[in-house]
Amino acid sequence: MFSDKGEFKEAFLKKLEMTCGKSFSESSEKDQFFTLGLMIREYVSTEWINTNERYRVDKVKQVYYFSIEFLLGRLLHHNLLNLGIEDVVASGLADLGIDLAHLEDVESDAGLGNGGLGRLAACFLDSLASLNLPGHGYGIRYKHGLFEQKIVDGYQVELPDQWLRNGHVWEVRKADLSVEIPFWGEVEVREENGRQVFRHIHAERVTAVPYDMPVAGYKTDTINTLRLWTAEPSRYPINQDVLKYKRETESISEFLYPDDTQDEGKILRLKQQYFLVSASIKSIIQSYKRQHHSLINFHEYVSIHINDTHPVLAIPELMRVLIDEEGLGWDTAWGITTQTISYTNHTTLSEALEKWPVRIFQPLLPRIFMIVNEVNERFCSDLWNKYPGDWNRIESLAIIAHNQVKMAHLALVGSYSVNGVAALHTDILQNREMNHFYKIFPEKFNNKTNGITHRSWLLKSNPSLSNLITMGIGDEWIRDPNQLRRLLKFKNDSSYLQAISDVKTENKKNLAKRIRAQTGEWINIDSIFDIQVKRLHAYKRQLLNILHVMYLYNRLKEDAHFHMHPRTFIFGAKASPGYYFAKKVIKLINSVAEKVNKDSLTKDTLKVIFLENYRVSLAEEVFPAADVSEQISTASKEASGTGNMKFMMNGAITVGTLDGANVEIHEKVGDENIFIFGLRSDEVLNYYQHGGYHSMEYYHHDKRIRQVMDQLKSGFFPEVMDEFEPIFDSLIMENDQYFVLRDFSSYVNVQESVGYAYEDQKRWRQMSLVNIGESGHFSSDRTIEEYANEIWHIHPS
Ligand SMILES: *Cc1c(COP(=O)(O)O)cnc(C)c1O
C-alpha cells in the first residue's frame with residue numbers, strides 16, 4: 001500500500017470513502033488528514049503487535065518511562081519520516097492535488113506538557129524505538145493540554161487548549177484493559193495466619209482507561225507504545241451525588257497542572273499523580289504475570305523510570321502491590337522496588353521541589369501514606385545509627401517532616417539510580433543541594449546529559465539543511481549523529497559554507513513570512529535573527545534580554561555615530577497562569593516592541609517580535625531560522641536546557657552563561673565558537689551563601705542600567721506609570737535574585753562582539769558549521785544509550 005504510488009492513491013481514496021462517508025471531491029482537508037492518519041496507524045499495527053510479541057516471547061527486560069508530561073507536538077510528518085513512506089505519500093497526494101504540508105497543518109499539537117521536561121520525554125520515546133530498545137511511555141491523556149496563548153494589548157490571555165476537538169487519530173482506546181484506582185476511604189488491618197493484612201475499604205473508585213499510541217522508530221521494525229490514561233467514572237455510587245462524582249472523576253485527566261494554590265487544586269494534583277502510577281503499575285504487572293509465575297525477579301525484567309518527582313508514588317504503590325496483593329514480606333518487596341525504580345532530578349529550584357501536606361496526603365491515599373510512613377521510619381532509624389544524636393541532620397533528610405511529605409527524599413531513598421541532566425547540574429546535586437544524600441548513597445548518583453532527537457529537530461524541521469549535510473557526508477548521520485563531525489572538513493570550503501548560509505537565509509525568509517502574517521511586521525532578512533524561545537521564568541532571564549534591547553534603543557536614539565548590525569530580537573514564551581512576574585515581563589517585551597518597531601529612526605536597525613503561543617510545531621519553524629541562540633539563565637539555575645541543543649544543531653551561535661548543558665556545548669565547540677558571559681555558577685552560589693551582592697550599587701554606578709530602569713517608571717511607555725513597577729521592585733527592592741543587573745554589563749559587551757563577529761561572514765559561517773558538526777553529541781540517541789547501558793540495563797531487541 002505504501003510501496004507504490006498508484007496503490008497508495010487507490011487505497012487512500014477507498015479509505016476516505018469508507019471512513020468519512022464522502023466522495024473525494026466532497027472531502028475536506030480534515031477528512032483527508034484523518035484518512036491518512038488511520039491508514040498509517042493500520043499500517044503500523046502488524047509491526048506493533050509483532051514487537052510486543054517479540055518482547056513477550058523473548059522475555060526481554062523492558063523499561064517504562066513514567067512522566068506527567070509528554071510534549072509530542074504533531075505526529076503526521078514524524079510518522080511518515082520514521083516509517084520511510086514520506087515520498088510515496090507526498091507524491092501520491094500531489095497527484096490528487098493535495099499538498100501534504102497543508103494536511104500537516106490540520107493536526108493540532110499534542111501539547112501535553114509545559115516545556116523541556118515534557119519534550120525530553122517525547123524525544124526519549126523516539127530514540128528508544130529508533131535504537132530498537134524495549135521502552136514505553138506512560139502518562140495522562142489530558143483533555144486540555146497546556147493552554148493556548150493569545151496576546152491582547154500586550155498581555156497574555158489563556159484559552160483552553162482543544163487538541164481533541166477533532167479526535168486524535170493516532171490513539172487506540174483499550175477499554176478492556178481498564179483498571180480501577182481507589183481514593184479516600186480507610187485501611188482495615190487484620191491478622192491472617194500470623195500475618196498482618198491490609199484492605200483499603202470504603203474507597204471512591206475511578207476507572208483508568210488506556211489509550212495507546214504506536215511509537216515508530218526511524219526505519220526499524222520496532223514499534224513501542226505510549227500509553228496515556230483517561231479517568232472515567234466507575235460504577236456510580238447509589239445515594240450519592242452522581243454528578244459531583246462524575247465531575248470530580250473526570251477532572252483528574254482534564255487539565256495539565258491545575259492551579260494548586262488552594263487545597264482543592266492540591267488534592268487534584270496528588271490524585272493525578274497517584275492515578276498515573278497506580279494505573280501504570282497495575283497494567284505492567286498484569287502483562288508481566290502473563291509471562292512469569294512469580295514477582296520475585298520482577299526487577300530483572302522491568303525497569304520503571306520516573307521523570308522528576310511527579311510519579312514518585314510509584315515507589316509506595318509498587319510496595320503496596322507486592323505486599324498487599326502478592327503477599328511478599330516488607331524486606332523482599334523493598335529489595336524488588338529499590339532495584340526497579342530509577343529517578344531523574346530536573347531542578348534545584350527549591351520552589352519546584354514537591355512537598356505535600358500530610359493533612360491532604362493521608363486521607364486521600366490512606367494505605368500509600370502508611371507505606372510512606374514506614375519507609376520514613378526505617379530510613380530515619382538507619383540515619384540514627386549512622387549519625388547518632390544528629391537530630392538536625394535527620395530532620396532535614398527525613399521523608400516526612402513538619403507534616404509534609406517530601407517527594408524528592410522519597411525518590412532518593414526508594415530508587416537505585418538518581419541522575420542529574422547535565423554535568424554541572426549533577427555536580428551541584430552531589431556537592432551542594434543533595435550532598436547529605438550523596439554521602440549516604442554515593443553509588444546511586446550519576447549524570448545523564450540531556451539530548452534531543454536529531455530526527456525531529458534537524459531531519460524533519462530543517463529539510464534543506466539536512467539535504468545539504470547528506471550531500472556533504474552521506475546519510476549515515478541520520479543513524480549515527482556523531483557522523484556530523486565529518487562536516488568539519490568543510491571548514492575552509494567557501495562554496496559549502498555559502499550553501500549553508502543560503503539555507504539559513506531561506507529559513508529566515510520563511511519565518512519572516514510567518515511573522516509578517518501574524519504581526520504585520522516586515523523583517524529585514526539581513527538582520528541578525530536573535531532568538532529566545534522557552535518558558536517564561538525569572539531565572540531564564542528574558543528580562544535581561546529585553547533590558548538590553550532598551551539599552552540599544554537608547555544608544556541609537558542618542559548617538560548618531562553608534563553602529564550596530566541590524567538585529568531582530570524574537571521572543572516566544574508562555575507564562576504559567578498564576579505567575580504574576582512572568583506575565584509582567586511578557587507585557588514589557590510587547591511594550592518595547594511597540595515602541596521600537598514604530599520609531600522611524602530605529603526601525604531599520606532594531607526589531608522586537610513576540611511570537612504568540614510558543615509550542616512544538618512553532619518551535620520547528622523557529623530553530624532553523626536562528627542566527628543567535630539566547631541561553632542566558634542565571635548560572636546554576638538551568639538544569640540542562642534542550643533548546644540550546646536544538647539551536648546549535650541548526651547552526652545558531654549561542655550567547656550564554658556557563659549554565660546547564662551550555663557548559664558542555666562550550667567544551668565541544670571551544671571558546672571561539674560560542675559567546676560566554678556573566679557570573680559562573682560557583683560565584684552565584686557563593687553570593688547566595690555569603691551575600692555581598694547589592695543590586696542598588698549597579699543601578700547607581702552604571703548609567704546605562706539607571707536609564708533603562710528609570711524608563712520602567714518614567715512614562716517612557718504609553719502604559720500607566722505603575723505597570724512595570726513590580727519589575728523595577730524585583731530588581732532593586734528585592735535585590736535582584738537572578739543577578740540581572742550584575743550580568744548586564746557583561747551581556748552588553750558580549751552582544752557587541754556578536755554584532756562584530758556577524759559582520760565577518762566567513763568567520764560566522766565557520767562558527768555555524770562547527771556548531772552543527774559538534775551537535776551530534778547532544779542527540780538523545782547518545783543520552784538514551786547511556787540510560788540503557790548504565791541505568792536500565794536493557795538491550796536492543
Ligand atoms: C525544547 C523545548 C522547550 C525547552 O526549551 P529550553 O530552552 O530548554 O527551556 C520548551 N518548549 C518547547 C516547545 C520546546 O520544543
# chains A, B, ... in the order shown; residues from 1 in each chain; ligands from 1

call {"tool": "select_by_dssp", "arguments": {"residues": "region 57-177 of chain A", "states": "alpha helix (DSSP H)", "output": "PyMOL selection string"}}
result
chain A and resi 57+76-83+86-95+100-106+116-130

call {"tool": "residues_near_ligand", "arguments": {"ligand": "ligand 1", "cutoff": "7 Å", "atoms": "only C-alpha atoms and all ligand atoms", "output": "ChimeraX atom specification"}}
result
/A:114-116,119,533-535,614-616,619,640-644

call {"tool": "write_last_selection", "arguments": {"atoms": "C-alpha atoms", "output": "JSON list (two decimals), in the first residue's frame"}}
result
[["chain", "number", "residue", "atom", "x", "y", "z"],
["A", 114, "ASN", "CA", 4.85, 22.57, 29.74],
["A", 115, "GLY", "CA", 8.39, 22.69, 28.40],
["A", 116, "GLY", "CA", 11.72, 20.94, 28.39],
["A", 119, "ARG", "CA", 9.69, 17.47, 25.39],
["A", 533, "VAL", "CA", 12.15, 30.84, 22.98],
["A", 534, "LYS", "CA", 11.37, 28.93, 26.18],
["A", 535, "ARG", "CA", 9.01, 29.06, 29.15],
["A", 614, "TYR", "CA", 5.06, 29.02, 21.58],
["A", 615, "ARG", "CA", 4.75, 25.24, 21.14],
["A", 616, "VAL", "CA", 6.47, 22.35, 19.39],
["A", 619, "ALA", "CA", 9.50, 25.71, 17.54],
["A", 640, "SER", "CA", 20.34, 21.38, 31.33],
["A", 641, "GLY", "CA", 18.25, 23.13, 28.75],
["A", 642, "THR", "CA", 17.45, 21.41, 25.48],
["A", 643, "GLY", "CA", 16.52, 24.47, 23.43],
["A", 644, "ASN", "CA", 20.23, 25.30, 23.45]]

call {"tool": "select_by_dssp", "arguments": {"residues": "region 220-293 of chain A", "states": "strand (DSSP E or B)", "output": "MDAnalysis selection string"}}
result
chainID A and resid 223:233 255

call {"tool": "closest_residue", "arguments": {"among": "A:Tyr687, A:Phe610, A:Phe739, A:Phe2", "to": "Ile151 (chain A)", "atoms": "only C-alpha atoms"}}
result
A:Phe610

call {"tool": "residues_around", "arguments": {"residues": "Ile440 (chain A)", "least_positions_apart": "6", "cutoff": "10 Å", "atoms": "only C-alpha atoms", "output": "list of chain:residue names"}}
result
A:Leu383, A:Lys386, A:Val413

call {"tool": "write_last_selection", "arguments": {"atoms": "all heavy atoms", "output": "PDB file, in the first residue's frame"}}
result
ATOM      1  N   LEU A 383      19.355   6.311  59.743  1.00  0.00           N
ATOM      2  CA  LEU A 383      20.093   7.565  59.923  1.00  0.00           C
ATOM      3  C   LEU A 383      20.562   7.705  61.373  1.00  0.00           C
ATOM      4  O   LEU A 383      21.671   8.168  61.645  1.00  0.00           O
ATOM      5  CB  LEU A 383      19.214   8.768  59.557  1.00  0.00           C
ATOM      6  CG  LEU A 383      18.908   8.974  58.072  1.00  0.00           C
ATOM      7  CD1 LEU A 383      17.912  10.124  57.904  1.00  0.00           C
ATOM      8  CD2 LEU A 383      20.172   9.259  57.267  1.00  0.00           C
ATOM      9  N   LYS A 386      23.554   5.781  61.872  1.00  0.00           N
ATOM     10  CA  LYS A 386      24.695   6.349  61.155  1.00  0.00           C
ATOM     11  C   LYS A 386      25.169   7.658  61.795  1.00  0.00           C
ATOM     12  O   LYS A 386      26.372   7.932  61.856  1.00  0.00           O
ATOM     13  CB  LYS A 386      24.287   6.581  59.697  1.00  0.00           C
ATOM     14  CG  LYS A 386      25.439   6.698  58.713  1.00  0.00           C
ATOM     15  CD  LYS A 386      24.899   6.710  57.272  1.00  0.00           C
ATOM     16  CE  LYS A 386      25.947   7.185  56.289  1.00  0.00           C
ATOM     17  NZ  LYS A 386      26.888   6.132  55.889  1.00  0.00           N
ATOM     18  N   VAL A 413      15.478   7.829  48.403  1.00  0.00           N
ATOM     19  CA  VAL A 413      15.587   6.652  49.259  1.00  0.00           C
ATOM     20  C   VAL A 413      15.091   5.392  48.549  1.00  0.00           C
ATOM     21  O   VAL A 413      15.670   4.316  48.706  1.00  0.00           O
ATOM     22  CB  VAL A 413      14.783   6.886  50.575  1.00  0.00           C
ATOM     23  CG1 VAL A 413      14.733   5.624  51.425  1.00  0.00           C
ATOM     24  CG2 VAL A 413      15.405   8.043  51.368  1.00  0.00           C
TER      25      VAL A 413
END

call {"tool": "residues_around", "arguments": {"residues": "region 781-791 of chain A", "least_positions_apart": "4", "cutoff": "8 Å", "atoms": "only C-alpha atoms", "output": "JSON, numbers by chain"}}
result
{"A": [124, 127, 128, 131, 342, 417, 448, 449, 450, 451, 452, 453, 777, 795]}

call {"tool": "residues_around", "arguments": {"residues": "Val740 (chain A)", "least_positions_apart": "6", "cutoff": "10 Å", "atoms": "only C-alpha atoms", "output": "short mmCIF file (atom, residue, chain, number, x, y, z; two decimals) with all heavy atoms, in the first residue's frame"}}
result
data_model
loop_
_atom_site.label_atom_id
_atom_site.label_comp_id
_atom_site.auth_asym_id
_atom_site.auth_seq_id
_atom_site.Cartn_x
_atom_site.Cartn_y
_atom_site.Cartn_z
N ALA A 538 11.71 33.80 35.69
CA ALA A 538 12.70 34.79 36.12
C ALA A 538 14.12 34.28 35.93
O ALA A 538 15.00 35.01 35.49
CB ALA A 538 12.44 35.18 37.57
N TYR A 539 14.36 32.98 36.24
CA TYR A 539 15.74 32.51 36.17
C TYR A 539 16.26 32.39 34.73
O TYR A 539 17.45 32.44 34.48
CB TYR A 539 15.92 31.17 36.92
CG TYR A 539 15.56 29.93 36.12
CD1 TYR A 539 16.47 29.40 35.20
CD2 TYR A 539 14.35 29.27 36.27
CE1 TYR A 539 16.16 28.26 34.45
CE2 TYR A 539 14.02 28.15 35.54
CZ TYR A 539 14.94 27.65 34.63
OH TYR A 539 14.63 26.54 33.89
N ARG A 541 15.70 34.60 32.51
CA ARG A 541 16.13 35.99 32.31
C ARG A 541 15.78 36.59 30.95
O ARG A 541 16.60 37.28 30.35
CB ARG A 541 17.62 36.14 32.61
CG ARG A 541 17.96 35.81 34.06
CD ARG A 541 19.26 36.44 34.51
NE ARG A 541 20.42 35.90 33.82
CZ ARG A 541 21.68 36.11 34.20
NH1 ARG A 541 21.92 36.87 35.26
NH2 ARG A 541 22.68 35.59 33.54
N GLN A 542 14.56 36.35 30.49
CA GLN A 542 14.09 37.12 29.35
C GLN A 542 14.20 38.62 29.65
O GLN A 542 14.38 39.44 28.75
CB GLN A 542 12.63 36.77 29.05
CG GLN A 542 12.41 35.43 28.34
CD GLN A 542 12.19 34.25 29.28
OE1 GLN A 542 12.36 34.37 30.51
NE2 GLN A 542 11.82 33.10 28.74
N LEU A 543 14.13 38.95 30.96
CA LEU A 543 14.23 40.35 31.36
C LEU A 543 15.58 40.96 30.99
O LEU A 543 15.65 42.11 30.54
CB LEU A 543 13.98 40.44 32.88
CG LEU A 543 14.01 41.83 33.49
CD1 LEU A 543 13.02 42.78 32.83
CD2 LEU A 543 13.72 41.76 35.00
N LEU A 544 16.64 40.20 31.17
CA LEU A 544 17.98 40.70 30.80
C LEU A 544 18.01 41.02 29.31
O LEU A 544 18.52 42.06 28.88
CB LEU A 544 19.03 39.64 31.16
CG LEU A 544 20.48 39.93 30.75
CD1 LEU A 544 20.99 41.22 31.35
CD2 LEU A 544 21.39 38.75 31.15
N ASN A 545 17.45 40.14 28.52
CA ASN A 545 17.40 40.32 27.08
C ASN A 545 16.67 41.61 26.71
O ASN A 545 17.18 42.45 25.96
CB ASN A 545 16.72 39.08 26.47
CG ASN A 545 16.79 39.02 24.96
OD1 ASN A 545 17.04 40.02 24.28
ND2 ASN A 545 16.56 37.85 24.41
N LEU A 547 15.86 44.21 28.59
CA LEU A 547 16.51 45.44 29.09
C LEU A 547 17.68 45.82 28.18
O LEU A 547 17.94 47.00 27.92
CB LEU A 547 17.01 45.25 30.53
CG LEU A 547 15.94 45.10 31.62
CD1 LEU A 547 16.59 44.88 33.00
CD2 LEU A 547 15.00 46.31 31.67
N ILE A 632 20.57 32.42 28.49
CA ILE A 632 21.17 33.40 29.38
C ILE A 632 20.69 33.27 30.83
O ILE A 632 20.68 34.24 31.57
CB ILE A 632 20.89 34.82 28.84
CG1 ILE A 632 19.39 35.09 28.69
CG2 ILE A 632 21.55 34.98 27.46
CD1 ILE A 632 19.06 36.51 28.20
N SER A 633 20.32 32.06 31.22
CA SER A 633 19.87 31.82 32.59
C SER A 633 20.94 32.20 33.62
O SER A 633 22.13 32.18 33.32
CB SER A 633 19.52 30.33 32.75
OG SER A 633 20.63 29.53 32.37
N THR A 634 20.48 32.49 34.82
CA THR A 634 21.40 32.72 35.93
C THR A 634 22.18 31.42 36.17
O THR A 634 21.57 30.37 36.39
CB THR A 634 20.61 33.05 37.21
OG1 THR A 634 19.69 34.08 36.92
CG2 THR A 634 21.55 33.46 38.34
N GLY A 678 28.98 36.58 31.82
CA GLY A 678 28.28 36.55 33.11
C GLY A 678 28.94 35.75 34.21
O GLY A 678 29.99 35.13 34.04
N SER A 695 22.22 45.02 44.38
CA SER A 695 21.85 45.45 43.02
C SER A 695 21.79 46.97 42.93
O SER A 695 22.08 47.55 41.88
CB SER A 695 20.50 44.84 42.65
OG SER A 695 19.50 45.28 43.53
N LEU A 731 14.06 44.07 40.91
CA LEU A 731 15.49 44.29 40.65
C LEU A 731 16.16 45.14 41.73
O LEU A 731 17.35 44.97 42.01
CB LEU A 731 15.68 44.98 39.29
CG LEU A 731 15.25 44.13 38.08
CD1 LEU A 731 15.33 44.94 36.79
CD2 LEU A 731 16.12 42.88 37.96
N TYR A 747 26.87 41.25 29.57
CA TYR A 747 25.97 40.88 28.46
C TYR A 747 26.06 41.91 27.32
O TYR A 747 26.13 41.56 26.15
CB TYR A 747 24.55 40.78 29.01
CG TYR A 747 23.51 40.27 28.04
CD1 TYR A 747 23.62 39.02 27.44
CD2 TYR A 747 22.37 41.04 27.75
CE1 TYR A 747 22.64 38.55 26.57
CE2 TYR A 747 21.39 40.57 26.89
CZ TYR A 747 21.53 39.32 26.30
OH TYR A 747 20.55 38.86 25.45
#

call {"tool": "residues_around", "arguments": {"residues": "His565 (chain A)", "least_positions_apart": "2", "cutoff": "12 Å", "atoms": "only C-alpha atoms", "output": "VMD selection string"}}
result
chain A and resid 524 526 to 530 552 556 562 to 563 567 to 568 602 604 to 607 751 to 760

call {"tool": "closest_residue", "arguments": {"among": "A:Lys637, A:Arg269, A:Lys703, A:Lys587", "to": "Val152 (chain A)", "atoms": "only C-alpha atoms"}}
result
A:Lys587

call {"tool": "closest_residue", "arguments": {"among": "A:Arg190, A:Lys355, A:His77, A:Lys246", "to": "Pro463 (chain A)", "atoms": "only C-alpha atoms"}}
result
A:His77
